[in-house]
$ cat target_33.txt   # compact mmCIF, C-alpha atoms
# COMPACT_ATOMS: atom_id res chain seq x y z
CA MET A 1 -24.27 17.98 4.69
CA THR A 2 -25.40 16.41 7.91
CA THR A 3 -23.48 13.65 9.64
CA ALA A 4 -24.24 10.69 7.42
CA ALA A 5 -23.24 7.92 9.77
CA THR A 6 -25.85 8.84 12.37
CA SER A 7 -28.61 8.24 9.82
CA CYS A 8 -27.00 5.57 7.63
CA GLY A 9 -29.74 3.19 6.52
CA THR A 10 -29.45 0.17 4.26
CA ARG A 11 -29.21 2.19 1.04
CA CYS A 12 -26.62 4.53 2.51
CA ARG A 13 -24.61 1.59 3.83
CA THR A 14 -24.75 -0.13 0.44
CA MET A 15 -23.57 3.09 -1.19
CA SER A 16 -20.67 3.36 1.26
CA LEU A 17 -19.53 -0.19 0.40
CA VAL A 18 -19.87 0.39 -3.36
CA LEU A 19 -17.77 3.56 -3.06
CA ALA A 20 -15.15 1.71 -0.98
CA ALA A 21 -14.94 -0.97 -3.70
CA ILE A 22 -14.58 1.66 -6.46
CA THR A 23 -11.88 3.36 -4.37
CA GLY A 24 -10.00 0.08 -4.02
CA ALA A 25 -10.26 -0.53 -7.78
CA LEU A 26 -8.89 2.96 -8.51
CA PHE A 27 -6.04 2.36 -6.05
CA GLY A 28 -5.24 -0.95 -7.74
CA ALA A 29 -5.43 0.59 -11.22
CA GLY A 30 -2.98 3.27 -10.06
CA LEU A 31 -0.56 0.60 -8.84
CA ILE A 32 -0.74 -1.16 -12.21
CA VAL A 33 -0.44 2.01 -14.36
CA SER A 34 2.48 3.29 -12.30
CA GLY A 35 4.49 0.06 -12.61
CA MET A 36 4.46 -0.76 -8.88
CA THR A 37 3.28 -4.29 -9.64
CA ASP A 38 6.54 -5.04 -11.50
CA PRO A 39 9.07 -6.41 -8.95
CA ALA A 40 11.99 -5.76 -11.34
CA ARG A 41 11.15 -2.05 -11.28
CA ILE A 42 11.03 -1.92 -7.47
CA VAL A 43 14.33 -3.73 -7.10
CA GLY A 44 15.74 -1.48 -9.84
CA PHE A 45 14.70 1.57 -7.81
CA LEU A 46 16.11 0.30 -4.54
CA ASP A 47 19.39 -0.90 -6.04
CA PRO A 48 21.42 2.04 -7.38
CA LEU A 49 24.41 -0.17 -8.20
CA ARG A 50 22.80 -1.62 -11.34
CA GLY A 51 21.55 1.40 -13.29
CA TRP A 52 19.11 3.20 -11.01
CA ASP A 53 15.47 3.22 -12.16
CA PRO A 54 13.94 6.44 -10.76
CA THR A 55 10.32 5.65 -11.75
CA LEU A 56 9.19 4.90 -8.20
CA ALA A 57 10.11 8.43 -7.13
CA PHE A 58 7.55 9.76 -9.64
CA VAL A 59 4.88 7.39 -8.25
CA MET A 60 5.49 8.58 -4.71
CA GLY A 61 5.75 12.20 -5.86
CA GLY A 62 2.46 12.08 -7.80
CA ALA A 63 0.61 10.38 -4.94
CA VAL A 64 2.01 12.64 -2.20
CA ILE A 65 1.30 15.90 -4.11
CA VAL A 66 -2.33 14.91 -4.75
CA TYR A 67 -2.89 13.64 -1.20
CA ALA A 68 -1.12 16.53 0.53
CA ILE A 69 -3.26 19.14 -1.24
CA GLY A 70 -6.52 17.18 -0.94
CA PHE A 71 -5.89 16.30 2.71
CA ARG A 72 -5.67 19.97 3.68
CA LEU A 73 -8.79 20.85 1.67
CA ILE A 74 -10.83 18.05 3.25
CA ARG A 75 -9.68 18.89 6.79
CA ARG A 76 -10.46 22.57 6.25
CA HIS A 77 -13.93 22.10 4.77
CA ARG A 78 -15.30 19.03 6.54
CA ASP A 79 -15.76 18.12 10.20
CA ASP A 80 -16.57 14.50 9.42
CA PRO A 81 -16.42 12.06 6.46
CA TRP A 82 -19.51 11.05 4.49
CA PHE A 83 -20.10 7.66 6.10
CA ASP A 84 -18.62 7.99 9.58
CA VAL A 85 -19.00 10.30 12.55
CA ARG A 86 -15.32 11.27 12.61
CA PHE A 87 -11.98 11.04 10.81
CA HIS A 88 -9.77 8.19 12.03
CA LEU A 89 -6.32 9.76 11.87
CA PRO A 90 -3.15 8.56 13.63
CA THR A 91 -2.22 10.84 16.52
CA ARG A 92 1.00 9.26 17.82
CA ARG A 93 4.19 11.28 17.44
CA ASP A 94 6.65 9.15 19.43
CA VAL A 95 9.30 7.10 17.66
CA ASP A 96 9.42 3.73 19.41
CA PRO A 97 11.63 0.65 18.78
CA GLN A 98 8.67 -1.20 17.23
CA LEU A 99 8.32 1.46 14.52
CA LEU A 100 12.02 1.25 13.64
CA ALA A 101 12.25 -2.55 13.80
CA GLY A 102 9.01 -3.03 11.86
CA ALA A 103 9.98 -0.60 9.11
CA ALA A 104 13.46 -2.17 8.89
CA LEU A 105 12.00 -5.69 8.52
CA PHE A 106 9.46 -4.49 5.97
CA GLY A 107 12.24 -2.87 3.93
CA ILE A 108 14.23 -6.12 3.89
CA GLY A 109 11.20 -8.03 2.58
CA TRP A 110 10.44 -5.29 0.05
CA GLY A 111 14.01 -5.21 -1.29
CA LEU A 112 14.10 -9.01 -1.38
CA GLY A 113 10.86 -9.69 -3.26
CA GLY A 114 10.21 -6.35 -4.95
CA LEU A 115 6.62 -6.34 -3.67
CA CYS A 116 4.87 -4.38 -0.93
CA PRO A 117 1.35 -5.27 0.32
CA GLY A 118 -0.82 -3.43 -2.27
CA PRO A 119 1.04 -4.51 -5.42
CA GLY A 120 1.41 -8.01 -3.93
CA ILE A 121 -2.37 -8.37 -3.60
CA VAL A 122 -2.99 -6.98 -7.12
CA ALA A 123 -0.35 -9.26 -8.69
CA ALA A 124 -1.74 -12.26 -6.77
CA ALA A 125 -5.26 -11.48 -8.07
CA SER A 126 -3.88 -11.43 -11.62
CA GLY A 127 -2.90 -15.07 -11.15
CA SER A 128 0.86 -14.76 -10.57
CA VAL A 129 1.86 -17.86 -8.58
CA PRO A 130 4.87 -16.20 -6.86
CA ALA A 131 2.65 -13.25 -5.88
CA ILE A 132 0.03 -15.63 -4.43
CA ALA A 133 2.79 -17.28 -2.39
CA PHE A 134 4.00 -13.82 -1.33
CA VAL A 135 0.54 -12.75 -0.12
CA LEU A 136 -0.07 -16.00 1.78
CA ALA A 137 3.33 -15.61 3.50
CA MET A 138 2.52 -11.95 4.18
CA LEU A 139 -0.77 -12.91 5.86
CA ALA A 140 1.12 -15.50 7.93
CA GLY A 141 3.66 -12.84 8.92
CA MET A 142 0.88 -10.46 9.94
CA TYR A 143 -0.83 -13.19 11.97
CA ALA A 144 2.47 -14.06 13.66
CA GLN A 145 2.99 -10.40 14.61
CA HIS A 146 -0.50 -10.18 16.10
CA ARG A 147 0.13 -13.32 18.17
CA THR A 148 3.53 -12.23 19.48
CA ALA A 149 2.24 -8.74 20.34
CA ARG A 150 -0.01 -10.13 23.07
CA MET B 1 17.47 -1.58 -16.37
CA GLU B 2 16.62 0.82 -19.22
CA VAL B 3 14.00 3.45 -18.43
CA MET B 4 11.51 4.02 -21.23
CA PRO B 5 10.96 7.72 -22.06
CA SER B 6 7.27 7.60 -21.10
CA SER B 7 7.64 5.50 -17.94
CA TRP B 8 7.97 8.55 -15.71
CA LEU B 9 4.66 9.84 -17.15
CA TYR B 10 2.83 6.57 -16.40
CA ALA B 11 4.46 6.59 -12.96
CA SER B 12 3.21 10.13 -12.25
CA ILE B 13 -0.32 9.41 -13.53
CA GLY B 14 -0.48 6.12 -11.62
CA GLY B 15 0.83 7.88 -8.52
CA ALA B 16 -1.83 10.58 -8.83
CA MET B 17 -4.49 7.83 -9.10
CA ILE B 18 -3.16 6.23 -5.90
CA GLY B 19 -3.24 9.63 -4.19
CA ALA B 20 -6.79 10.33 -5.43
CA ALA B 21 -8.06 6.93 -4.26
CA SER B 22 -6.45 7.45 -0.84
CA LEU B 23 -8.07 10.88 -0.60
CA PHE B 24 -11.46 9.49 -1.54
CA LEU B 25 -11.23 6.87 1.22
CA LEU B 26 -10.52 9.70 3.66
CA LEU B 27 -13.45 11.78 2.38
CA THR B 28 -15.97 8.91 2.39
CA HIS B 29 -14.88 6.73 5.33
CA GLY B 30 -12.46 8.98 7.19
CA ARG B 31 -9.74 6.34 6.98
CA ILE B 32 -6.04 6.24 6.09
CA ALA B 33 -5.53 4.14 2.96
CA GLY B 34 -2.88 1.83 4.38
CA ILE B 35 -3.02 -1.54 2.65
CA SER B 36 -1.17 -3.44 5.39
CA GLY B 37 -3.44 -1.97 8.07
CA ILE B 38 -6.65 -2.65 6.13
CA THR B 39 -5.55 -6.22 5.37
CA GLY B 40 -3.97 -7.04 8.73
CA SER B 41 -6.88 -5.76 10.81
CA LEU B 42 -9.17 -8.25 9.04
CA LEU B 43 -7.07 -11.00 10.64
CA GLN B 44 -7.84 -9.63 14.10
CA ARG B 45 -11.07 -10.64 15.81
CA SER B 46 -11.33 -7.29 17.61
CA THR B 47 -11.74 -5.25 14.39
CA PRO B 48 -15.30 -3.86 14.41
CA ASP B 49 -16.22 -2.48 10.96
CA ARG B 50 -15.12 -5.00 8.36
CA GLY B 51 -17.48 -3.96 5.56
CA TRP B 52 -15.51 -1.10 3.99
CA ARG B 53 -12.23 -2.99 4.42
CA LEU B 54 -13.55 -6.05 2.56
CA ALA B 55 -15.13 -3.85 -0.13
CA PHE B 56 -11.89 -1.88 -0.62
CA LEU B 57 -9.81 -5.07 -0.88
CA GLY B 58 -12.44 -6.51 -3.26
CA GLY B 59 -11.89 -3.49 -5.51
CA LEU B 60 -8.12 -3.89 -5.27
CA ILE B 61 -8.43 -7.58 -6.22
CA SER B 62 -10.77 -6.77 -9.11
CA ALA B 63 -8.10 -4.43 -10.54
CA GLY B 64 -5.69 -7.39 -10.60
CA LEU B 65 -8.30 -9.64 -12.24
CA VAL B 66 -8.98 -7.06 -14.96
CA ALA B 67 -5.24 -6.50 -15.50
CA ALA B 68 -4.76 -10.23 -16.08
CA VAL B 69 -7.12 -9.94 -19.05
CA VAL B 70 -6.45 -6.50 -20.56
CA ALA B 71 -2.78 -5.86 -19.67
CA PRO B 72 -1.04 -9.02 -18.45
CA SER B 73 2.40 -7.56 -19.20
CA ALA B 74 1.79 -4.82 -16.60
CA ILE B 75 2.12 -7.45 -13.87
CA GLY B 76 5.83 -8.15 -13.91
CA ALA B 77 7.42 -11.54 -13.41
CA SER B 78 8.93 -12.41 -10.06
CA VAL B 79 12.61 -11.56 -9.73
CA ARG B 80 13.27 -14.26 -7.12
CA SER B 81 12.81 -17.97 -6.61
CA LEU B 82 9.71 -19.13 -4.74
CA PRO B 83 11.41 -19.80 -1.35
CA ILE B 84 12.91 -16.28 -1.36
CA VAL B 85 9.54 -14.77 -2.28
CA ILE B 86 7.97 -16.57 0.70
CA VAL B 87 10.66 -15.24 3.05
CA ALA B 88 10.05 -11.76 1.61
CA GLY B 89 6.31 -12.11 2.28
CA LEU B 90 6.90 -13.13 5.91
CA PHE B 91 9.18 -10.10 6.47
CA VAL B 92 6.69 -7.74 4.79
CA GLY B 93 3.74 -9.09 6.79
CA PHE B 94 5.46 -9.11 10.18
CA GLY B 95 7.29 -5.82 9.59
CA THR B 96 4.35 -3.77 8.36
CA ARG B 97 2.19 -4.77 11.33
CA LEU B 98 5.00 -4.17 13.85
CA GLY B 99 5.88 -0.81 12.26
CA GLY B 100 2.27 0.24 11.77
CA GLY B 101 2.30 0.73 8.01
CA CYS B 102 3.80 0.18 4.59
CA THR B 103 4.41 2.16 1.42
CA SER B 104 0.82 3.43 1.29
CA GLY B 105 0.02 4.25 4.93
CA HIS B 106 3.44 5.58 5.97
CA GLY B 107 4.63 6.47 2.47
CA VAL B 108 1.75 8.24 0.72
CA CYS B 109 -0.60 9.24 3.55
CA GLY B 110 1.98 9.71 6.32
CA LEU B 111 4.46 11.81 4.34
CA SER B 112 1.59 13.96 3.02
CA ARG B 113 0.42 14.63 6.58
CA LEU B 114 4.02 15.46 7.62
CA SER B 115 3.92 12.71 10.24
CA ILE B 116 7.28 12.37 11.99
CA ARG B 117 6.69 8.65 12.62
CA SER B 118 5.98 8.05 8.94
CA LEU B 119 8.99 10.10 7.83
CA ILE B 120 11.27 7.97 10.00
CA ALA B 121 9.54 4.74 8.91
CA VAL B 122 9.96 5.62 5.21
CA ALA B 123 13.63 6.56 5.67
CA THR B 124 14.16 3.25 7.51
CA PHE B 125 12.45 0.94 5.02
CA MET B 126 14.00 2.73 2.04
CA THR B 127 17.44 2.21 3.61
CA THR B 128 17.05 -1.47 4.53
CA GLY B 129 15.29 -2.07 1.19
CA ALA B 130 18.18 -0.55 -0.74
CA ILE B 131 20.79 -2.49 1.23
CA THR B 132 18.85 -5.75 0.73
CA ALA B 133 18.32 -5.14 -3.01
CA MET B 134 22.02 -4.37 -3.45
CA ILE B 135 23.10 -7.54 -1.62
CA ALA B 136 20.47 -9.75 -3.27
CA GLY B 137 21.31 -8.41 -6.73
CA GLY B 138 19.22 -8.08 -9.86
CA ALA B 139 17.57 -11.46 -10.13
CA SER B 140 17.96 -14.92 -8.59

$ encode --input "target_33.txt" --output "structure tokens"
Amino acid sequence: MTTAATSCGTRCRTMSLVLAAITGALFGAGLIVSGMTDPARIVGFLDPLRGWDPTLAFVMGGAVIVYAIGFRLIRRHRDDPWFDVRFHLPTRRDVDPQLLAGAALFGIGWGLGGLCPGPGIVAAASGSVPAIAFVLAMLAGMYAQHRTAR
Amino acid sequence: MEVMPSSWLYASIGGAMIGAASLFLLLTHGRIAGISGITGSLLQRSTPDRGWRLAFLGGLISAGLVAAVVAPSAIGASVRSLPIVIVAGLFVGFGTRLGGGCTSGHGVCGLSRLSIRSLIAVATFMTTGAITAMIAGGAS
């Protein structure tokens, strides 16, 4: 295939957006099927003191196995993605204080509410009032981080 | 909490679906499927290509809308009171943007790519998450 993005007309662009939407729907369906949208299950995984629920390990395991194999196949057989001129992959390898502090804060919020961003958005869309409050607070937290980073 | 015999099967299938969707985003758009990054960058004026991000989030939201109709029990009830949930959201939002990722970007994609940053991020948020869940307890 030729580099799609260099000759991406209206139809091609529409197709790229439709595929992105289908991809998001599949991602969301996976979160629901796996049980990630159930805060009790997340807290049950993170808290080994009250009868550890190992389900989350299977979710991560299933996702990582599929992605790890597919990632290597895609990188070996393709120089560029369908709708862009290049792959946008993180290249940093340094461990800075921001990474550690950010991950630590995220973990506290995750253990507290039992929701991470993806499941939070899916649960909010289903009409759960606490999840809607969670997502609005999450967006505020993101905005606050962007402002303080300047 | 009691683990149902088939829950590990649903977890594995659901996990494989998450992995497949993340792969497909890489194949089509060349992007890492990190939900906090996709969402957070839409709040920044400097983000250039918003189309695929909005479409992806639209798909994610549609999954929640469909679940509300066909499988409402799959969306679990909140385990905390509303003020605690809001505090949790603030921590998740601020933390994921500061640390450059969440369970999807660092967890699924990062670990699969053997990224050292993601490995350390996952170990860190699993640790603080476990400590927090243990202190906060089962439900409040």

$ residues_around --input "target_33.txt" --residues "range 34-49 of chain B" --least-positions-apart "3" --cutoff "8 Å" --atoms "all atoms listed in the file" --output "list in words"
Pro117, Gly118, Leu139, Met142, Tyr143 and His146 of chain A; Trp52, Arg53, Leu57, Gly93, Thr96, Arg97, Gly100, Gly101, Cys102, Thr103, Ser104, Gly105, His106 and Cys109 of chain B

$ closest_atom_pairs --input "target_33.txt" --of "range 97-118 of chain A" --to "range 37-49 of chain A" --cutoff "10 Å" --atoms "only C-alpha atoms" --output "tab-separated table"
residue	atom	partner	partner_atom	distance
A:Gly107	CA	A:Leu46	CA	9.8
A:Trp110	CA	A:Ile42	CA	8.3
A:Gly111	CA	A:Val43	CA	6.0
A:Leu112	CA	A:Val43	CA	7.8
A:Gly113	CA	A:Pro39	CA	6.8
A:Gly114	CA	A:Pro39	CA	4.2
A:Leu115	CA	A:Pro39	CA	5.8
A:Cys116	CA	A:Thr37	CA	8.9
A:Gly118	CA	A:Thr37	CA	8.5

$ closest_residue --input "target_33.txt" --among "A:Asp84, A:Val33, A:Asp53, A:Arg72" --to "Cys12 in chain A" --atoms "all atoms listed in the file"
A:Asp84

$ closest_residue --input "target_33.txt" --among "A:Leu26, A:Leu105, A:Leu17, A:Val95" --to "Phe125 in chain B" --atoms "all atoms listed in the file"
A:Leu105

$ atom_distance --input "target_33.txt" --atom1 "CA of Arg92 in chain A" --atom2 "CA of Leu73 in chain A"
22.2 Å

$ residues_around --input "target_33.txt" --residues "range 6-22 of chain B" --least-positions-apart "3" --cutoff "10 Å" --atoms "only C-alpha atoms" --output "PyMOL selection string"
(chain A and resi 20+22-36+53-71) or (chain B and resi 3+25-27+31-34+104-105+108-109+112)

$ residues_near_point --input "target_33.txt" --point "(10.9, -18.4, -2.2)" --cutoff "10 Å" --atoms "all atoms listed in the file" --output "PyMOL selection string"
(chain A and resi 112-113+130+133-134+137) or (chain B and resi 80-89)

$ closest_residue --input "target_33.txt" --among "A:Met138, A:Val18, A:Val85, A:Ala131" --to "chain B" --atoms "all atoms listed in the file"
A:Met138

$ residues_around --input "target_33.txt" --residues "Ile120 in chain B" --least-positions-apart "4" --cutoff "10 Å" --atoms "only C-alpha atoms" --output "list of chain:residue names"
A:Val95, A:Leu99, A:Leu100, A:Ala103, B:His106, B:Leu111, B:Ser115, B:Ile116, B:Thr124, B:Phe125, B:Met126

$ closest_residue --input "target_33.txt" --among "A:Cys8, A:Arg147, A:Pro119, A:Gly109" --to "chain B" --atoms "only C-alpha atoms"
A:Gly109

$ atom_distance --input "target_33.txt" --atom1 "CA of Gly120 in chain A" --atom2 "CA of Val135 in chain A"
6.1 Å

$ residues_around --input "target_33.txt" --residues "Pro72 in chain B" --least-positions-apart "6" --cutoff "12 Å" --atoms "all atoms listed in the file" --output "list in words"
Ile32, Val33, Thr37, Asp38, Val122, Ala123, Ala125, Ser126, Gly127 and Ser128 of chain A; Ala63, Gly64, Leu65 and Val66 of chain B

$ closest_residue --input "target_33.txt" --among "B:Ser73, B:Gly137, B:Ala123, B:Thr28" --to "chain A" --atoms "all atoms listed in the file"
B:Thr28

$ closest_residue --input "target_33.txt" --among "B:Leu114, B:Leu119, B:Ile135, B:Ala130" --to "chain A" --atoms "only C-alpha atoms"
B:Ala130

$ decode --input "target_33.txt" --residues "range 77-130 of chain A" --atoms "C-alpha atoms" --output "mmCIF file, in the first residue's frame"
data_model
loop_
_atom_site.group_PDB
_atom_site.id
_atom_site.type_symbol
_atom_site.label_atom_id
_atom_site.label_comp_id
_atom_site.auth_asym_id
_atom_site.auth_seq_id
_atom_site.Cartn_x
_atom_site.Cartn_y
_atom_site.Cartn_z
ATOM 1 C CA HIS A 77 5.537 -5.326 8.051
ATOM 2 C CA ARG A 78 4.570 -1.660 7.828
ATOM 3 C CA ASP A 79 6.580 1.553 7.552
ATOM 4 C CA ASP A 80 3.551 3.751 8.179
ATOM 5 C CA PRO A 81 -0.072 3.428 9.380
ATOM 6 C CA TRP A 82 -3.034 3.550 6.986
ATOM 7 C CA PHE A 83 -4.084 7.146 7.619
ATOM 8 C CA ASP A 84 -0.900 8.906 8.690
ATOM 9 C CA VAL A 85 2.598 9.384 7.318
ATOM 10 C CA ARG A 86 4.282 7.857 10.379
ATOM 11 C CA PHE A 87 3.778 5.997 13.645
ATOM 12 C CA HIS A 88 3.564 8.275 16.692
ATOM 13 C CA LEU A 89 5.389 6.241 19.319
ATOM 14 C CA PRO A 90 6.857 7.499 22.609
ATOM 15 C CA THR A 91 10.651 7.626 22.482
ATOM 16 C CA ARG A 92 11.561 8.832 25.980
ATOM 17 C CA ARG A 93 13.433 6.396 28.212
ATOM 18 C CA ASP A 94 14.301 8.627 31.179
ATOM 19 C CA VAL A 95 12.496 8.224 34.485
ATOM 20 C CA ASP A 96 11.762 11.727 35.759
ATOM 21 C CA PRO A 97 10.041 12.919 38.976
ATOM 22 C CA GLN A 98 6.920 13.881 36.998
ATOM 23 C CA LEU A 99 6.453 10.283 35.834
ATOM 24 C CA LEU A 100 6.731 8.940 39.384
ATOM 25 C CA ALA A 101 4.586 11.654 40.999
ATOM 26 C CA GLY A 102 1.937 11.462 38.279
ATOM 27 C CA ALA A 103 1.679 7.673 38.418
ATOM 28 C CA ALA A 104 1.552 7.787 42.241
ATOM 29 C CA LEU A 105 -1.301 10.346 42.204
ATOM 30 C CA PHE A 106 -3.171 8.399 39.539
ATOM 31 C CA GLY A 107 -2.882 5.225 41.622
ATOM 32 C CA ILE A 108 -4.337 6.990 44.672
ATOM 33 C CA GLY A 109 -7.343 8.172 42.647
ATOM 34 C CA TRP A 110 -7.744 4.735 41.049
ATOM 35 C CA GLY A 111 -7.663 2.916 44.400
ATOM 36 C CA LEU A 112 -10.028 5.489 45.895
ATOM 37 C CA GLY A 113 -12.762 5.480 43.246
ATOM 38 C CA GLY A 114 -12.138 2.167 41.492
ATOM 39 C CA LEU A 115 -12.222 3.884 38.092
ATOM 40 C CA CYS A 116 -9.501 4.786 35.603
ATOM 41 C CA PRO A 117 -10.137 7.101 32.602
ATOM 42 C CA GLY A 118 -11.538 4.597 30.046
ATOM 43 C CA PRO A 119 -13.988 2.780 32.327
ATOM 44 C CA GLY A 120 -14.927 6.138 33.893
ATOM 45 C CA ILE A 121 -15.979 7.527 30.506
ATOM 46 C CA VAL A 122 -17.909 4.330 29.594
ATOM 47 C CA ALA A 123 -19.701 4.230 32.975
ATOM 48 C CA ALA A 124 -20.523 7.949 32.692
ATOM 49 C CA ALA A 125 -22.008 7.381 29.213
ATOM 50 C CA SER A 126 -24.206 4.625 30.654
ATOM 51 C CA GLY A 127 -25.803 7.248 32.890
ATOM 52 C CA SER A 128 -24.110 6.512 36.230
ATOM 53 C CA VAL A 129 -24.250 9.776 38.204
ATOM 54 C CA PRO A 130 -21.112 9.045 40.293
#
